[in-house]
>>> print(open('upload-v1.csv').read())   # CSV, C-alpha atoms and all ligand atoms
chain,number,residue,atom,x,y,z
A,238,MET,CA,0.0,0.0,0.0
A,239,LYS,CA,1.2,3.5,-0.8
A,240,ARG,CA,2.4,5.7,2.1
A,241,ASP,CA,2.1,9.5,2.3
A,242,ILE,CA,4.0,11.9,4.5
A,243,LEU,CA,1.5,14.7,5.2
A,244,SER,CA,2.6,15.1,8.8
A,245,ILE,CA,5.8,14.3,10.6
A,246,LEU,CA,3.7,11.9,12.7
A,247,ASP,CA,3.0,9.8,9.6
A,248,LEU,CA,6.3,8.2,10.4
A,249,THR,CA,6.9,6.0,13.4
A,250,GLU,CA,9.8,6.5,15.8
A,251,GLY,CA,11.7,3.5,14.2
A,252,GLU,CA,11.0,4.7,10.7
A,253,LEU,CA,12.3,8.2,11.5
A,254,ARG,CA,15.5,6.7,13.0
A,255,ASN,CA,16.1,4.5,10.0
A,256,LEU,CA,15.4,7.3,7.6
A,257,LEU,CA,17.9,9.6,9.3
A,258,ASP,CA,20.5,6.8,9.3
A,259,GLU,CA,19.9,6.4,5.6
A,260,ALA,CA,20.1,10.2,5.1
A,261,GLU,CA,23.5,10.2,6.8
A,262,ARG,CA,24.7,7.3,4.6
A,263,LEU,CA,23.5,9.2,1.5
A,264,LYS,CA,25.2,12.3,2.6
A,265,ARG,CA,28.5,10.5,3.0
A,266,MET,CA,28.1,8.8,-0.4
A,267,ARG,CA,27.4,12.2,-2.1
A,268,LYS,CA,30.4,13.8,-0.4
A,269,SER,CA,32.6,10.9,-1.6
A,270,ALA,CA,31.1,11.2,-5.1
A,271,ILE,CA,29.8,7.6,-4.9
A,272,PRO,CA,26.8,7.2,-7.2
A,273,HIS,CA,23.6,6.0,-5.6
A,274,PRO,CA,20.9,5.6,-8.2
A,275,LEU,CA,18.3,4.0,-5.9
A,276,LEU,CA,15.3,5.2,-7.9
A,277,PRO,CA,16.1,4.6,-11.5
A,278,GLY,CA,13.2,5.4,-13.9
A,279,LYS,CA,11.1,7.0,-11.1
A,280,THR,CA,9.5,10.4,-11.5
A,281,LEU,CA,8.4,12.9,-8.9
A,282,ALA,CA,5.9,15.6,-9.7
A,283,MET,CA,6.4,18.7,-7.6
A,284,ILE,CA,3.3,21.0,-7.4
A,285,PHE,CA,3.9,24.4,-6.0
A,286,GLU,CA,1.1,26.9,-5.1
A,287,LYS,CA,3.7,29.1,-3.4
A,288,SER,CA,7.3,30.2,-3.9
A,289,SER,CA,10.3,28.0,-3.0
A,290,THR,CA,14.1,27.9,-3.2
A,291,ARG,CA,15.2,25.1,-0.9
A,292,THR,CA,12.3,22.7,-1.4
A,293,ARG,CA,12.4,22.9,-5.1
A,294,ILE,CA,16.1,22.6,-5.5
A,295,SER,CA,16.6,19.9,-3.0
A,296,PHE,CA,13.8,17.6,-4.4
A,297,GLU,CA,14.9,18.2,-8.0
A,298,VAL,CA,18.6,17.5,-7.3
A,299,GLY,CA,17.7,14.7,-5.0
A,300,MET,CA,15.7,12.9,-7.7
A,301,ALA,CA,18.6,13.4,-10.1
A,302,ASP,CA,21.1,12.0,-7.6
A,303,LEU,CA,18.8,8.9,-7.2
A,304,GLY,CA,18.7,8.3,-10.9
A,305,GLY,CA,15.1,9.5,-11.4
A,306,CYS,CA,13.7,12.8,-12.5
A,307,ALA,CA,11.5,15.6,-11.0
A,308,LEU,CA,8.9,17.7,-12.7
A,309,PHE,CA,8.5,21.3,-11.5
A,310,LEU,CA,4.8,22.2,-11.8
A,311,ASN,CA,3.6,25.7,-10.9
A,312,ALA,CA,0.0,25.2,-9.8
A,313,GLN,CA,-0.9,28.5,-11.6
A,314,ASP,CA,0.2,27.0,-14.9
A,315,MET,CA,-1.7,23.8,-14.4
A,316,GLN,CA,-5.4,23.3,-14.9
A,317,ILE,CA,-5.8,23.4,-11.1
A,318,GLY,CA,-5.2,27.1,-11.5
A,319,ARG,CA,-8.3,27.3,-13.7
A,320,GLY,CA,-10.4,25.3,-11.4
A,321,GLU,CA,-9.8,21.6,-12.3
A,322,GLU,CA,-10.6,19.6,-9.2
A,323,ILE,CA,-7.8,18.3,-7.0
A,324,ARG,CA,-9.3,14.8,-7.1
A,325,ASP,CA,-9.1,14.7,-10.9
A,326,THR,CA,-5.6,16.1,-10.9
A,327,ALA,CA,-4.5,13.5,-8.3
A,328,ARG,CA,-5.9,10.6,-10.3
A,329,VAL,CA,-4.4,11.8,-13.6
A,330,ALA,CA,-1.0,12.5,-12.0
A,331,SER,CA,-1.0,9.0,-10.5
A,332,ARG,CA,-1.1,7.5,-14.0
A,333,TYR,CA,2.1,9.3,-15.0
A,334,VAL,CA,4.4,9.6,-12.0
A,335,SER,CA,5.8,7.6,-9.1
A,336,GLY,CA,5.2,10.2,-6.4
A,337,VAL,CA,3.9,13.7,-5.8
A,338,MET,CA,5.2,16.5,-3.6
A,339,ILE,CA,2.8,19.4,-3.0
A,340,ARG,CA,3.3,22.8,-1.5
A,341,ALA,CA,-0.2,24.3,-0.9
A,342,TYR,CA,-1.9,27.1,1.0
A,343,ARG,CA,-4.4,24.8,2.6
A,344,HIS,CA,-3.5,21.6,4.3
A,345,ASP,CA,-6.8,20.2,3.1
A,346,THR,CA,-5.7,20.5,-0.5
A,347,ILE,CA,-2.9,18.1,0.2
A,348,THR,CA,-5.1,15.7,2.2
A,349,GLU,CA,-7.6,15.7,-0.7
A,350,PHE,CA,-4.8,15.0,-3.2
A,351,SER,CA,-3.6,12.1,-1.1
A,352,ARG,CA,-7.0,10.6,-0.8
A,353,TYR,CA,-7.3,10.3,-4.6
A,354,SER,CA,-3.7,9.6,-5.4
A,355,SER,CA,-2.5,6.0,-5.9
A,356,VAL,CA,1.1,7.1,-5.6
A,357,PRO,CA,2.9,8.5,-2.5
A,358,VAL,CA,2.2,12.1,-1.6
A,359,ILE,CA,4.6,14.3,0.3
A,360,ASN,CA,3.6,17.6,2.1
A,361,GLY,CA,6.2,20.2,0.8
A,362,LEU,CA,4.7,22.8,3.2
A,363,SER,CA,1.1,23.7,4.1
A,364,ASP,CA,-0.4,26.1,6.5
A,365,LEU,CA,-0.4,23.4,9.1
A,366,GLU,CA,2.9,21.5,8.7
A,367,HIS,CA,6.3,21.3,7.1
A,368,PRO,CA,7.4,17.8,7.7
A,369,CYS,CA,10.3,17.7,5.2
A,370,GLN,CA,11.9,20.7,7.0
A,371,ILE,CA,11.7,18.9,10.3
A,372,LEU,CA,13.4,15.8,8.9
A,373,ALA,CA,16.3,18.0,8.0
A,374,ASP,CA,16.2,19.8,11.3
A,375,ILE,CA,16.3,16.6,13.4
A,376,MET,CA,19.2,15.3,11.2
A,377,THR,CA,21.0,18.6,11.9
A,378,ILE,CA,20.3,18.5,15.6
A,379,ARG,CA,21.6,14.9,15.7
A,380,GLU,CA,24.9,16.0,14.2
A,381,HIS,CA,25.4,18.2,17.2
A,382,PHE,CA,23.5,16.4,20.0
A,383,PRO,CA,23.3,12.7,19.1
A,384,ARG,CA,21.2,11.9,22.2
A,385,LEU,CA,18.0,13.5,21.1
A,386,GLU,CA,16.1,12.5,24.2
A,387,GLU,CA,18.3,14.9,26.2
A,388,VAL,CA,17.8,17.9,23.9
A,389,ARG,CA,15.9,21.0,24.9
A,390,LEU,CA,14.5,23.1,22.1
A,391,GLY,CA,13.5,26.7,22.5
A,392,TRP,CA,11.3,28.3,19.9
A,393,ALA,CA,10.6,32.1,20.0
A,394,GLY,CA,8.4,33.4,17.2
A,395,ASP,CA,5.4,32.4,15.2
A,396,GLY,CA,3.5,29.3,16.2
A,397,ASN,CA,3.3,28.3,12.5
A,398,ASN,CA,3.7,25.3,10.2
A,399,VAL,CA,7.4,24.8,11.0
A,400,CYS,CA,6.8,25.2,14.7
A,401,ASN,CA,3.9,22.7,14.5
A,402,SER,CA,5.9,20.0,12.9
A,403,LEU,CA,8.7,20.6,15.4
A,404,ILE,CA,6.3,20.2,18.3
A,405,LEU,CA,4.8,17.0,16.8
A,406,SER,CA,8.3,15.6,16.2
A,407,THR,CA,9.1,15.6,19.9
A,408,VAL,CA,6.7,12.6,20.1
A,409,LEU,CA,9.2,10.6,18.0
A,410,THR,CA,12.5,11.9,19.4
A,411,GLY,CA,11.9,12.6,23.1
A,412,MET,CA,13.2,16.1,22.7
A,413,GLU,CA,11.6,18.7,25.0
A,414,ILE,CA,10.3,21.9,23.4
A,415,THR,CA,9.3,25.3,24.9
A,416,VAL,CA,7.5,27.7,22.6
A,417,ALA,CA,7.2,31.4,23.2
A,418,THR,CA,4.8,33.4,21.0
A,419,PRO,CA,2.9,36.7,21.4
A,420,LYS,CA,-0.7,36.4,22.3
A,421,GLY,CA,-2.7,35.3,19.2
A,422,PHE,CA,0.2,33.5,17.5
A,423,GLU,CA,0.3,30.3,19.5
A,424,PRO,CA,0.5,27.0,17.7
A,425,PRO,CA,-3.0,25.5,17.2
A,426,ALA,CA,-4.4,23.8,20.3
A,427,LYS,CA,-5.1,20.6,18.4
A,428,VAL,CA,-1.3,20.3,17.6
A,429,VAL,CA,-0.2,20.9,21.2
A,430,GLU,CA,-2.9,18.5,22.5
A,431,MET,CA,-2.0,15.8,20.0
A,432,ALA,CA,1.7,16.1,20.9
A,433,LYS,CA,1.0,15.9,24.6
A,434,LYS,CA,-1.5,13.1,24.2
A,435,ARG,CA,1.2,11.1,22.5
A,436,GLY,CA,3.9,11.8,25.2
A,437,GLY,CA,5.5,15.0,23.7
A,438,LYS,CA,7.0,17.4,26.2
A,439,VAL,CA,5.6,20.7,25.1
A,440,THR,CA,5.4,24.0,27.1
A,441,LEU,CA,3.9,27.2,25.9
A,442,VAL,CA,5.2,30.5,27.3
A,443,ARG,CA,4.9,34.2,26.6
A,444,ASP,CA,8.4,35.4,26.9
A,445,PRO,CA,11.3,34.4,24.6
A,446,GLU,CA,13.7,34.4,27.6
A,447,SER,CA,11.9,31.4,29.2
A,448,ALA,CA,11.8,29.6,25.9
A,449,VAL,CA,15.6,29.8,25.1
A,450,TRP,CA,16.8,29.6,28.7
A,451,ASP,CA,19.5,26.8,28.8
A,452,ALA,CA,18.2,25.4,25.5
A,453,HIS,CA,20.5,23.3,23.2
A,454,VAL,CA,18.7,24.5,20.2
A,455,VAL,CA,17.2,28.0,19.6
A,456,ALA,CA,14.9,28.1,16.6
A,457,THR,CA,12.6,30.5,14.9
A,458,ASP,CA,11.0,31.3,11.5
A,459,THR,CA,9.8,34.3,9.6
A,460,TRP,CA,7.1,36.5,11.3
A,461,VAL,CA,5.3,36.8,8.0
A,462,SER,CA,4.7,33.4,6.4
A,463,MET,CA,3.6,33.0,2.8
A,464,GLY,CA,-0.1,33.7,2.7
A,465,THR,CA,-0.1,36.2,5.7
A,466,GLU,CA,1.5,39.1,3.8
A,467,LYS,CA,-1.7,41.2,4.3
A,468,GLU,CA,-1.1,41.1,8.1
A,469,ARG,CA,2.5,42.2,7.7
A,470,GLU,CA,2.3,45.5,9.6
A,471,ALA,CA,0.3,44.0,12.5
A,472,ARG,CA,2.6,41.0,12.7
A,473,LEU,CA,5.8,43.1,12.8
A,474,LYS,CA,4.2,45.0,15.7
A,475,ALA,CA,3.0,41.9,17.6
A,476,PHE,CA,6.4,40.2,17.4
A,477,LYS,CA,8.4,43.1,18.7
A,478,GLY,CA,10.8,41.8,21.4
A,479,PHE,CA,10.9,38.3,19.8
A,480,THR,CA,14.1,39.0,17.7
A,481,ILE,CA,16.7,36.3,18.4
A,482,ASP,CA,19.7,38.5,19.2
A,483,LYS,CA,23.1,37.9,20.9
A,484,LYS,CA,21.6,38.6,24.4
A,485,LEU,CA,18.9,36.0,23.9
A,486,MET,CA,21.3,33.5,22.5
A,487,GLY,CA,23.5,34.2,25.5
A,488,MET,CA,20.8,32.7,27.8
A,489,ALA,CA,20.8,29.4,26.0
A,490,SER,CA,23.3,26.6,26.7
A,491,PRO,CA,26.9,27.6,26.0
A,492,ASP,CA,27.0,25.0,23.1
A,493,ALA,CA,23.6,26.0,21.7
A,494,ILE,CA,23.0,26.0,18.0
A,495,PHE,CA,20.7,28.5,16.1
A,496,MET,CA,18.3,27.1,13.6
A,497,HIS,CA,16.0,28.7,11.0
A,498,CYS,CA,14.3,27.0,8.0
A,499,LEU,CA,15.0,30.1,5.8
A,500,PRO,CA,14.3,32.4,4.1
A,501,ALA,CA,15.4,34.7,7.0
A,502,HIS,CA,14.7,38.3,7.6
A,503,ARG,CA,17.7,39.9,9.4
A,504,GLY,CA,16.7,42.5,11.8
A,505,GLN,CA,13.2,41.0,12.3
A,506,GLU,CA,13.1,37.4,13.7
A,507,VAL,CA,17.0,37.2,13.9
A,508,THR,CA,19.9,39.6,14.0
A,509,ASP,CA,22.7,39.4,11.5
A,510,ASP,CA,25.3,38.6,14.1
A,511,VAL,CA,23.3,35.6,15.4
A,512,ILE,CA,22.6,34.1,11.9
A,513,GLU,CA,26.2,34.7,10.8
A,514,GLY,CA,27.5,33.8,14.3
A,515,PRO,CA,29.4,30.7,15.4
A,516,GLY,CA,26.4,28.8,16.7
A,517,SER,CA,24.4,29.2,13.5
A,518,VAL,CA,23.8,26.0,11.6
A,519,VAL,CA,21.3,27.3,9.1
A,520,PHE,CA,23.2,26.3,6.0
A,521,ASP,CA,23.9,22.8,7.2
A,522,GLU,CA,20.2,22.7,8.0
A,523,ALA,CA,19.4,23.8,4.4
A,524,GLU,CA,21.8,21.2,3.0
A,525,ASN,CA,20.3,18.5,5.0
A,526,ARG,CA,17.0,19.0,3.3
A,527,LEU,CA,18.6,17.3,0.3
A,528,HIS,CA,19.9,14.2,2.2
A,529,ALA,CA,16.9,13.8,4.4
A,530,GLN,CA,14.4,14.1,1.5
A,531,LYS,CA,16.5,11.6,-0.6
A,532,ALA,CA,16.1,9.1,2.2
A,533,LEU,CA,12.4,9.9,2.3
A,534,LEU,CA,12.0,9.4,-1.4
A,535,VAL,CA,13.7,6.0,-1.3
A,536,PHE,CA,11.6,5.0,1.7
A,537,LEU,CA,8.4,5.9,-0.2
A,538,MET,CA,9.2,5.1,-3.8
A,539,LYS,CA,11.7,2.3,-4.0
A,540,ASP,CA,10.2,-0.9,-5.5
A,541,GLY,CA,9.4,-3.6,-3.0
A,542,GLU,CA,9.8,-1.2,0.0
B,601,LIG,N1,12.7,26.2,4.1
B,601,LIG,C1,12.0,26.1,3.0
B,601,LIG,O1,11.1,25.3,2.8
B,601,LIG,O2,12.5,27.0,2.0
B,601,LIG,P1,11.8,27.2,0.6
B,601,LIG,O3,10.5,28.0,0.9
B,601,LIG,O4,12.8,28.1,-0.1
B,601,LIG,O5,11.5,26.0,-0.1
B,602,LIG,N1,6.6,29.6,7.8
B,602,LIG,C1,7.2,29.9,6.5
B,602,LIG,C2,8.1,28.8,6.1
B,602,LIG,C3,8.9,29.0,4.8
B,602,LIG,C4,9.7,27.9,4.4
B,602,LIG,C5,6.1,30.0,5.5
B,602,LIG,O1,5.1,29.3,5.6
B,602,LIG,O2,6.2,30.9,4.7
>>> encode(input="upload-v1.csv", output="structure tokens")
Amino acid sequence: MKRDILSILDLTEGELRNLLDEAERLKRMRKSAIPHPLLPGKTLAMIFEKSSTRTRISFEVGMADLGGCALFLNAQDMQIGRGEEIRDTARVASRYVSGVMIRAYRHDTITEFSRYSSVPVINGLSDLEHPCQILADIMTIREHFPRLEEVRLGWAGDGNNVCNSLILSTVLTGMEITVATPKGFEPPAKVVEMAKKRGGKVTLVRDPESAVWDAHVVATDTWVSMGTEKEREARLKAFKGFTIDKKLMGMASPDAIFMHCLPAHRGQEVTDDVIEGPGSVVFDEAENRLHAQKALLVFLMKDGE
């Protein structure tokens, strides 16, 4: 039966561990220029309703590395953009390709696609989750702190898609997360409840200081996610005081790393000296998108797996 990854919790703890081990192996092979064509003849369709740099490049290069190919499809150029139904597009695409990655405004669009698709569907970011980002994030955290169950994460910023997947991922890794948001920008209650119900250690606070205090990982994301541009002015005002600067980083553990999914807005959610500073791992994090997603593609699309 086909598997989809619409949420980070579509993986089990064991699957996540194996997938990250495989990602590390693929990373080593790529760095040693050892070919690893594990998906010959396979095609991934990539449907984008929103902009992308990392997701598009890493999936496209990833499929090429694996001996397959990827199709970039701008939703606006497809018949979806003129009202063709998702359920028809999903059934048509399933006749041509071996897997589909979708970046959509509404999570429901991806859920609907997966319901009608007979090939694996990957969430490439929705308003609710960004599971591919979190695979790369956990891979990056493991490179610095191999004992994930001892890791304390501090998030200061928007309780958005990236934050949601990070919260849910604690169920699989045992990491502890404290999330600080201004009032009105908390992660959805259903996400926090789901994580807690399944054993996740999640704490919501108001002040960024409490979130980052003694944390091994300090993370944030843009204050103005794609689709919220109309709220820009109100958001910039609401998030005042949430900028990750040197003072805030100084409250974290001395060996703390700074993470951001990118794109970043220097002077807003993070200062230039932090993102360019010694603790910043944002470019390793971006690179790991490639390795983690290649492992995911092999997991979902390899014959007989
Ligand atoms: N982090 C991330 O998903 O980046 P893109 O929007 O550039 O794909
Ligand atoms: N939260 C951001 C992530 C971008 C990769 C957004 O949704 O725009």
>>> residues_around(input="upload-v1.csv", residues="stretch 339-341 of chain A", least_positions_apart="2", cutoff="7 Å", atoms="only C-alpha atoms", output="PyMOL selection string")
chain A and resi 283-287+337+343-344+346-347+359-363
>>> residues_around(input="upload-v1.csv", residues="A:Arg526", least_positions_apart="6", cutoff="7 Å", atoms="only C-alpha atoms", output="list in words")
Ser295, Gln370 and Ala373 of chain A
>>> residues_near_point(input="upload-v1.csv", point="(6.1, 11.8, 14.8)", cutoff="10 Å", atoms="all atoms listed in the file", output="NGL selection string")
:A and (244-250 or 252-253 or 368 or 402-410 or 432 or 435 or 437)
>>> residues_near_ligand(input="upload-v1.csv", ligand="ligand LIG 601 (chain B)", cutoff="7 Å", atoms="only C-alpha atoms and all ligand atoms", output="list in words")
Ser288, Ser289, Thr290, Arg291, Thr292, Arg293, Leu362, Gln370, Cys498, Leu499 and Pro500 of chain A
>>> closest_residue(input="upload-v1.csv", among="A:Val442, A:Leu275, A:Ile481, A:Leu365", to="A:Val428", atoms="all atoms listed in the file")
A:Leu365
>>> residues_around(input="upload-v1.csv", residues="A:Val388", least_positions_apart="2", cutoff="9 Å", atoms="all atoms listed in the file", output="MDAnalysis selection string")
chainID A and resid 378 382:386 390 411:414 452:454
>>> axis_aligned_box(input="upload-v1.csv", around="ligand LIG 602 (chain B)", padding_each_side="5 Å", output="JSON")
{"center_x": 7.4, "center_y": 29.4, "center_z": 6.1, "size_x": 14.6, "size_y": 13.0, "size_z": 13.4}
>>> residues_around(input="upload-v1.csv", residues="A:Cys306", least_positions_apart="6", cutoff="9 Å", atoms="only C-alpha atoms", output="PyMOL selection string")
chain A and resi 277-282+297-300
>>> write_last_selection(input="upload-v1.csv", atoms="C-alpha atoms", output="mmCIF file, keeping the file's coordinate frame")
data_model
loop_
_atom_site.group_PDB
_atom_site.id
_atom_site.type_symbol
_atom_site.label_atom_id
_atom_site.label_comp_id
_atom_site.auth_asym_id
_atom_site.auth_seq_id
_atom_site.Cartn_x
_atom_site.Cartn_y
_atom_site.Cartn_z
ATOM 1 C CA PRO A 277 16.100 4.600 -11.500
ATOM 2 C CA GLY A 278 13.200 5.400 -13.900
ATOM 3 C CA LYS A 279 11.100 7.000 -11.100
ATOM 4 C CA THR A 280 9.500 10.400 -11.500
ATOM 5 C CA LEU A 281 8.400 12.900 -8.900
ATOM 6 C CA ALA A 282 5.900 15.600 -9.700
ATOM 7 C CA GLU A 297 14.900 18.200 -8.000
ATOM 8 C CA VAL A 298 18.600 17.500 -7.300
ATOM 9 C CA GLY A 299 17.700 14.700 -5.000
ATOM 10 C CA MET A 300 15.700 12.900 -7.700
#
>>> atom_distance(input="upload-v1.csv", atom1="atom CA of A:Asn311", atom2="atom CA of A:Lys239")
24.5 Å
>>> closest_residue(input="upload-v1.csv", among="A:Gly516, A:Ser462, A:Asn255, A:Lys434", to="A:Tyr342", atoms="all atoms listed in the file")
A:Ser462
>>> decode(input="upload-v1.csv", residues="stretch 485-503 of chain A", atoms="N, CA, C and O atoms", output="compact mmCIF listing (two decimals), in the first residue's frame")
# COMPACT_ATOMS: atom_id res chain seq x y z
N LEU A 485 19.74 37.16 23.74
CA LEU A 485 18.86 36.00 23.91
C LEU A 485 19.67 34.70 23.73
O LEU A 485 19.51 33.75 24.50
N MET A 486 20.52 34.67 22.70
CA MET A 486 21.35 33.46 22.48
C MET A 486 22.24 33.20 23.69
O MET A 486 22.53 32.04 24.02
N GLY A 487 22.66 34.28 24.35
CA GLY A 487 23.53 34.16 25.53
C GLY A 487 22.83 33.47 26.70
O GLY A 487 23.48 33.02 27.64
N MET A 488 21.50 33.40 26.66
CA MET A 488 20.76 32.75 27.76
C MET A 488 20.64 31.24 27.52
O MET A 488 20.25 30.49 28.42
N ALA A 489 20.93 30.83 26.28
CA ALA A 489 20.84 29.40 25.95
C ALA A 489 22.08 28.69 26.48
O ALA A 489 23.01 29.33 27.01
N SER A 490 22.11 27.38 26.33
CA SER A 490 23.27 26.58 26.74
C SER A 490 24.51 27.11 26.00
O SER A 490 24.40 27.55 24.85
N PRO A 491 25.69 27.06 26.62
CA PRO A 491 26.89 27.61 25.95
C PRO A 491 27.19 26.97 24.59
O PRO A 491 27.76 27.60 23.71
N ASP A 492 26.78 25.69 24.42
CA ASP A 492 27.03 25.02 23.13
C ASP A 492 25.78 25.04 22.22
O ASP A 492 25.67 24.26 21.28
N ALA A 493 24.86 25.98 22.49
CA ALA A 493 23.59 26.00 21.74
C ALA A 493 23.81 26.32 20.26
O ALA A 493 24.72 27.07 19.89
N ILE A 494 22.95 25.73 19.43
CA ILE A 494 22.96 26.05 17.99
C ILE A 494 21.72 26.88 17.66
O ILE A 494 20.69 26.78 18.33
N PHE A 495 21.85 27.70 16.62
CA PHE A 495 20.71 28.49 16.14
C PHE A 495 20.21 27.88 14.84
O PHE A 495 20.99 27.63 13.91
N MET A 496 18.90 27.69 14.77
CA MET A 496 18.30 27.10 13.57
C MET A 496 17.19 27.98 13.01
O MET A 496 16.46 28.64 13.76
N HIS A 497 17.07 27.95 11.68
CA HIS A 497 16.04 28.71 10.97
C HIS A 497 15.85 28.01 9.63
O HIS A 497 16.82 27.73 8.93
N CYS A 498 14.60 27.76 9.26
CA CYS A 498 14.34 27.01 8.02
C CYS A 498 14.73 27.80 6.78
O CYS A 498 14.94 27.23 5.73
N LEU A 499 14.78 29.14 6.94
CA LEU A 499 15.05 30.07 5.83
C LEU A 499 13.87 30.08 4.85
O LEU A 499 13.25 29.04 4.69
N PRO A 500 13.55 31.14 4.17
CA PRO A 500 14.30 32.39 4.15
C PRO A 500 14.18 33.20 5.45
O PRO A 500 13.12 33.20 6.08
N ALA A 501 15.31 33.88 5.80
CA ALA A 501 15.37 34.67 7.03
C ALA A 501 15.26 36.16 6.72
O ALA A 501 15.56 36.59 5.60
N HIS A 502 14.82 36.89 7.71
CA HIS A 502 14.69 38.34 7.58
C HIS A 502 15.50 38.97 8.69
O HIS A 502 15.03 39.09 9.83
N ARG A 503 16.74 39.31 8.36
CA ARG A 503 17.66 39.88 9.35
C ARG A 503 17.10 41.18 9.89
O ARG A 503 16.60 42.01 9.12
